[in-house]
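*Asks:* Mind having a look at this structure? Questions to follow.
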Amino acid sequence: MRNIAVSIVGRTYGEIIEHITRIMGRVVEIETEYKDSDLKVGILEFRADYYEKVTEKTELIELLGEVRRIIGDRQLLFTYRSEEEGGEFRHDRAGFMLPDIYDWVINSKLVDMVDIELMSGNYRVARYAAKAHDAGLKTVISYHNFEMTPRDEKILDMMESMETLGGDVLKIAVTPNKEFDVRRVLELLDKLKEGGYKDYRITKPVVIISMGDMGKKSRFCLGEKGSLFTFAYVGEESAPGQVELGEIFKKLA
């Protein structure tokens with residue numbers, strides 16, 4: 001089974017419920033059309049950085065509970081994307097309260113996975129990862145660069161650190177400045193899948209994305225020769241270069 005993730009966005013409770021309802025309608029439509037494919041929307045990503053009441057525990061947990069009910073047995077990924085790594089809007093209070101927010105979400109066990117930004121610091125990453133694992137949840141440790149594609153060795157070093165700090169999925173999303181950057185990312189992904197980097201301890205599944213229009217082809221690299229999962233959108237992109245859900249199925253089914 002090849003998994004696709006779709007992000008849920010919205011400022012308010014009503015907007016988020018409306019978006020997830022629209023997403024699930026589109027998912028049922030497409031999965032019915034491609035019922036013989038091994039593609040599945042197996043992951044819904046809740047982008048908490050869009051939600052205006054993310055710092056209110058009762059409201060956040062109530063919302064997650066309703067999202068959980070709507071999506072059924074599909075996996076729910078909780079993400080709070082920082083402004084520095086492409087988050088939707090500045091929320092100073094949330095920045096200070098992130099340890100509490102992650103504690104609330106993890107302890108609720110309403111999600112299956114939590115995204116943790118590598119650049120938030122080793123202590124915070126390791127702390128969140130340990131708490132998630134204690135609660136039986138998986139972790140996606142991530143790095144996003146909206147200016148450039150770091151050299152291969154830097155990417156590999158970061159992925160090795162992600163795994164050491166407790167990552168179950170290692171996610172890298174970078175920005176190409178030329179076509180060579182895209183080719184480099186795709187070659188790195190191929191070589192990782194073939195076990196070609198013997199000097200690095202990278203054994204966990206990876207998600208590697210070259211963002212923007214130039215890197216769009218990387219979003220179709222999925223499964224045995226690509227990323228563990230890829231991201232698509234319904235209604236609104238949550239990252240540059242994302243592909244509409246129907247286009248992903250049309251291309252890969």
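Identifiers for the structure tokens are assigned positionally: chains receive A, B, ... in sequence, residues are indexed from 1 per chain, and ligands are indexed from 1 in the order shown.
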Excluding A:Tyr51 and its own-chain neighbours fewer than 3 positions away, which residues fall within 10 Å of it when counting only C-alpha atoms? Please give them as a list in words.
*Replies:*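 The neighbour list is Val9, Gly10, Arg11, Thr12, Tyr13, Glu15, Ile16, Phe46, Arg47, Ala48, Val54, Thr55, Leu60, Tyr80, Glu88, Phe89 and His91 of chain A.
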*Asks:* Can you tell me, as a PyMOL selection string, what residues are no more than 10 Å from stretch 103-115 of chain A when counting only C-alpha atoms, ignoring any on the same chain fewer than 2 positions away?
*Replies:* chain A and resi 43-47+57-58+60-62+64-69+74-81+97-101+117-118+125+128-129+131-142+167-171
*Asks:* Tell me, which residues of stretch 20-76 of chain A carry DSSP strand (DSSP E or B), written as a list of chain:residue names?
*Replies:*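 The strand (DSSP E or B) residues within stretch 20-76 of chain A come out as A:Leu39, A:Lys40, A:Val41, A:Gly42, A:Ile43, A:Leu44, A:Glu45, A:Phe46, A:Arg47, A:Gln75, A:Leu76.
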*Asks:* Return the single residue from A:Gly87, A:Gly25, A:Gly212, A:Gly226 that is closest to A:Lys193, with distances computed using only C-alpha atoms.
*Replies:*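 Among the listed residues, the smallest separation from A:Lys193 belongs to A:Gly226.
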*Asks:* Identify which of the residues A:Ile202, A:Tyr50, A:Phe146, A:Glu187 lies closest to A:Thr175, counting only C-alpha atoms when measuring atom-to-atom distances.
*Replies:*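 That would be A:Phe146, the residue with the smallest distance to A:Thr175.
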*Asks:* Just want the 10 Å neighbourhood of A:Glu247, counted on only C-alpha atoms, with same-chain residues fewer than 6 positions away dropped. Output as a list of chain:residue names.
*Replies:* A:Phe220, A:Ala232, A:Tyr233, A:Ala253
*Asks:* Set the distance at 10 Å and use only C-alpha atoms: which residues neighbour A:Leu186 once local chain neighbours fewer than 6 positions away are removed? I'd like the list as an mmCIF file with C-alpha atoms, in the first residue's frame.
*Replies:*
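Saved to result_28.cif:
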```cif
data_model
loop_
_atom_site.group_PDB
_atom_site.id
_atom_site.type_symbol
_atom_site.label_atom_id
_atom_site.label_comp_id
_atom_site.auth_asym_id
_atom_site.auth_seq_id
_atom_site.Cartn_x
_atom_site.Cartn_y
_atom_site.Cartn_z
ATOM 1 C CA PHE A 180 20.557 20.186 -10.694
ATOM 2 C CA LEU A 192 19.144 5.806 0.294
ATOM 3 C CA ILE A 208 12.324 13.716 0.816
ATOM 4 C CA ILE A 209 10.695 16.574 -1.102
ATOM 5 C CA SER A 210 12.053 19.162 -3.490
ATOM 6 C CA GLY A 215 10.719 20.157 -7.685
ATOM 7 C CA LYS A 217 8.435 15.613 -9.809
ATOM 8 C CA SER A 218 9.833 14.610 -6.404
ATOM 9 C CA CYS A 221 8.453 9.437 -6.003
ATOM 10 C CA LYS A 225 11.841 3.575 -4.956
ATOM 11 C CA GLY A 226 10.753 6.767 -3.210
#
```
*Asks:* So, with only C-alpha atoms as the atoms that count, which of A:Tyr102, A:Lys204, A:His144, A:Lys154 lies closest to A:Ala130?
*Replies:*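 Selected residue with least distance to A:Ala130: A:Tyr102.
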*Asks:* Identify, on the basis of only C-alpha atoms, every residue whose closest approach to A:Val41 does not exceed 7 Å; exclude the query and any residue fewer than 2 positions from it along the same chain; express the result as a list of chain:residue names.
*Replies:*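 Within the cut-off, the hits are A:Asn3, A:Ile4, A:Ala5, A:Val27, A:Ile43.
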*Asks:* Do you have the atom CA of A:Asp36-atom CA of A:Arg22 distance handy?
*Replies:* 23.0 Å
*Asks:* According to DSSP computed on the backbone, where in stretch 7-178 of chain A is there alpha helix (DSSP H)? Give the residues as a ChimeraX atom specification.
*Replies:* /A:13-33,57-71,92-108,122-134,152-164
